[in-house]
Amino acid sequence: MKNIREILKERILVLDGAMGTMLQRYKFTEEDFRGERFKDWKSPVQGNNDLLSLTQPEAIAEVHRKYFAAGADIVETNTFSSTTIAMADYGMEELVYDLNFESARIAKEVADEFTAKEPNKPRFVVGSLGPTNKTASMSPDVNHPGYRAVSFDELRIAYKQQVEALLDGGVDMLMVETIFDTLNAKAALFAIEEVKEERNIDVPIMVSGTITDASGRTLSGQTAEAFLISVSHIPILSVGFNCALGADQLVPHLEVLSTKTEHAVSAHPNAGLPNAFGEYDETPEQMAAQIKEYVEKGLVNIVGGCCGTTPEHIKEIADLVKKYNPRSLPVTGQ
């Protein structure tokens with residue numbers, strides 16, 4: 001299979017869209033989430049989308065298929081919350097290996113199906129490492145600013161378990177994504193480097209932060225450039241932004257990354273900003289029209305969608321980027 005680094009020099013790669021948005025269409029009940037295996041689980045599990053990789057694997061495979069069929073080159077595993085830290089909400093810490101392994105296996109199986117049909121367009125699977133629901137550099141308690149709900153070491157251990165299972169399940173790459181606290185991301189990157197060293201392997205790493213508001217900073221207070229500097233000591237495939245903002249609002253931050261990094265640049269924004277009901281109204285056509293600015297300016301190498309995006313959005317984006325060259329990468333870059 002062609003090396004992803006080589007393909008990145010030839011064309012803009014397309015990442016998939018939102019998993020959660022698609023799973024909402026199934027209207028799964030508490031019983032559906034539980035399946036047979038968890039029918040007597042002690043607490044409610046509805047809303048634990050990652051669990052569906054174990055209880056509704058065909059639905060997860062179907063979502064991946066729809067994104068590949070729409071033109072995606074890369075799909076993300078259904079593992080955004082598959083760490084012991086995030087799964088503690090459901091008392092499901094001991095399921096972390098199964099969740100990651102099965103999610104990776106399902107996605108890889110579907111990717112292989114599509115690659116076999118179109119060998120000239122290989123499909124890839126990236127293991128999704130979400131930020132967890134705790135932050136290492138800020139206190140959750142305004143009255144105790146020195147308090148931390150999680151330590152760097154706890155995060156490192158949790159991410160290491162996740163990385164090992166994702167690799168065992170067959171992912172091609174790893175993505176530390178939706179980073180709102182760079183210290184959490186550094187723990188994830190440290191864990192990945194540990195596993196790479198122990199297994200004597202090299203796995204491409206994507207890093208994607210999230211700008212949380214109009215100030216242009218991450219939640220832990222970093223500008224786009226500061227965030228880039230904070231993660232640049234690790235050999236990564238790409239750096240970029242996802243979530244939080246719509247496509248048009250990401251432009252200035254992508255411009256900063258594009259001029260400052262030798263790595264590939266990625267973007268998978270939301271379908272605009274949520275409305276009063278928390279839903280996303282931006283149509284595929286509207287979103288593609290905004291992403292056109294990215295490709296006309298030569299800002300990106302990888303582009304896809306986050307919250308509110310669907311295969312319809314990805315198809316519009318895939319059709320658009322075919323007509324443009326990727327942002328040029330230095331010959332000696334990662």
# chains A, B, ... in the order shown; residues from 1 in each chain; ligands from 1
>>> residues_around(residues="Gly20 (chain A)", least_positions_apart="3", cutoff="8 Å", atoms="only C-alpha atoms", output="number ranges by chain")
A: 23-24, 49, 307
>>> write_last_selection(atoms="N, CA and C atoms", output="CSV table (one decimal), in the first residue's frame")
chain,number,residue,atom,x,y,z
A,23,LEU,N,-24.7,8.5,14.4
A,23,LEU,CA,-25.3,7.5,15.3
A,23,LEU,C,-26.6,8.0,15.8
A,24,GLN,N,-26.8,9.3,15.9
A,24,GLN,CA,-28.1,9.9,16.4
A,24,GLN,C,-29.2,9.5,15.4
A,49,ASN,N,-21.4,6.4,23.1
A,49,ASN,CA,-21.3,6.0,21.7
A,49,ASN,C,-20.2,5.0,21.5
A,307,CYS,N,-18.3,18.0,14.4
A,307,CYS,CA,-19.7,17.9,14.8
A,307,CYS,C,-20.6,18.4,13.7
>>> select_by_dssp(residues="region 68-276 of chain A", states="strand (DSSP E)", output="JSON, numbers by chain")
{"A": [74, 75, 76, 124, 125, 126, 127, 128, 129, 173, 174, 175, 176, 177, 178, 179, 205, 206, 207, 208, 209, 238, 239, 240, 241, 242, 243, 244, 245, 246, 264, 265, 266, 267, 268, 269, 270]}
>>> select_by_dssp(residues="region 131-166 of chain A", states="alpha helix (DSSP H)", output="NGL selection string")
:A and (152-166)
>>> residues_around(residues="Glu177 (chain A)", least_positions_apart="3", cutoff="12 Å", atoms="only C-alpha atoms", output="count of residues only")
40
>>> residues_around(residues="Gly17 (chain A)", least_positions_apart="5", cutoff="10 Å", atoms="only C-alpha atoms", output="PyMOL selection string")
chain A and resi 22+63-64+67+72+74-76+268-271+303-315
>>> atom_distance(atom1="CA of Pro44 (chain A)", atom2="CA of Glu279 (chain A)")
23.9 Å
>>> residues_around(residues="Leu52 (chain A)", least_positions_apart="5", cutoff="9 Å", atoms="only C-alpha atoms", output="PyMOL selection string")
chain A and resi 32-35+57+59-60+78+99
>>> write_last_selection(atoms="all heavy atoms", output="compact mmCIF listing (two decimals), in the first residue's frame")
# COMPACT_ATOMS: atom_id res chain seq x y z
N ASP A 32 -30.71 -0.87 23.23
CA ASP A 32 -29.81 -1.02 22.08
C ASP A 32 -28.36 -0.80 22.49
O ASP A 32 -27.46 -1.50 22.04
CB ASP A 32 -30.18 -0.02 20.97
CG ASP A 32 -31.56 -0.29 20.38
OD1 ASP A 32 -31.95 -1.46 20.29
OD2 ASP A 32 -32.24 0.69 20.01
N PHE A 33 -28.16 0.21 23.33
CA PHE A 33 -26.80 0.50 23.81
C PHE A 33 -26.26 -0.67 24.63
O PHE A 33 -25.08 -1.01 24.53
CB PHE A 33 -26.78 1.78 24.66
CG PHE A 33 -26.54 3.03 23.86
CD1 PHE A 33 -27.62 3.73 23.30
CD2 PHE A 33 -25.27 3.54 23.68
CE1 PHE A 33 -27.42 4.89 22.57
CE2 PHE A 33 -25.05 4.70 22.95
CZ PHE A 33 -26.13 5.38 22.39
N ARG A 34 -27.13 -1.28 25.44
CA ARG A 34 -26.69 -2.37 26.31
C ARG A 34 -26.41 -3.65 25.54
O ARG A 34 -25.45 -4.36 25.84
CB ARG A 34 -27.76 -2.65 27.37
CG ARG A 34 -27.84 -1.60 28.45
CD ARG A 34 -29.04 -1.81 29.37
NE ARG A 34 -29.01 -0.80 30.41
CZ ARG A 34 -28.61 -1.01 31.66
NH1 ARG A 34 -28.21 -2.22 32.03
NH2 ARG A 34 -28.58 -0.04 32.55
N GLY A 35 -27.24 -3.93 24.56
CA GLY A 35 -27.11 -5.20 23.85
C GLY A 35 -27.27 -6.36 24.81
O GLY A 35 -27.69 -6.20 25.96
N PRO A 57 -22.03 -3.32 16.39
CA PRO A 57 -20.88 -3.17 15.49
C PRO A 57 -21.26 -2.93 14.04
O PRO A 57 -20.54 -2.24 13.31
CB PRO A 57 -20.11 -4.49 15.66
CG PRO A 57 -21.11 -5.46 16.24
CD PRO A 57 -22.04 -4.65 17.06
N ALA A 59 -23.69 -1.14 12.90
CA ALA A 59 -24.01 0.28 12.71
C ALA A 59 -22.71 1.08 12.55
O ALA A 59 -22.62 1.98 11.69
CB ALA A 59 -24.81 0.82 13.89
N ILE A 60 -21.71 0.76 13.37
CA ILE A 60 -20.43 1.46 13.28
C ILE A 60 -19.79 1.21 11.91
O ILE A 60 -19.30 2.13 11.25
CB ILE A 60 -19.47 1.00 14.42
CG1 ILE A 60 -20.11 1.22 15.81
CG2 ILE A 60 -18.12 1.70 14.32
CD1 ILE A 60 -20.46 2.65 16.15
N ASN A 78 -14.09 4.72 16.36
CA ASN A 78 -15.14 5.19 17.28
C ASN A 78 -14.62 5.09 18.73
O ASN A 78 -15.17 4.37 19.56
CB ASN A 78 -16.39 4.31 17.08
CG ASN A 78 -17.54 4.71 17.99
OD1 ASN A 78 -17.77 5.88 18.23
ND2 ASN A 78 -18.25 3.72 18.53
N LEU A 99 -12.93 -2.04 23.74
CA LEU A 99 -13.51 -0.92 22.99
C LEU A 99 -12.58 -0.47 21.88
O LEU A 99 -12.99 -0.30 20.73
CB LEU A 99 -13.79 0.27 23.93
CG LEU A 99 -14.94 0.10 24.93
CD1 LEU A 99 -14.90 1.22 25.97
CD2 LEU A 99 -16.29 0.10 24.22
>>> residues_around(residues="Val203 (chain A)", least_positions_apart="3", cutoff="9 Å", atoms="only C-alpha atoms", output="list in words")
Asp172, Met173, Leu174, Ile192 and Lys196 of chain A
>>> closest_residue(among="A:Leu166, A:Val300, A:Val265, A:Val295", to="Lys323 (chain A)", atoms="only C-alpha atoms")
A:Val295
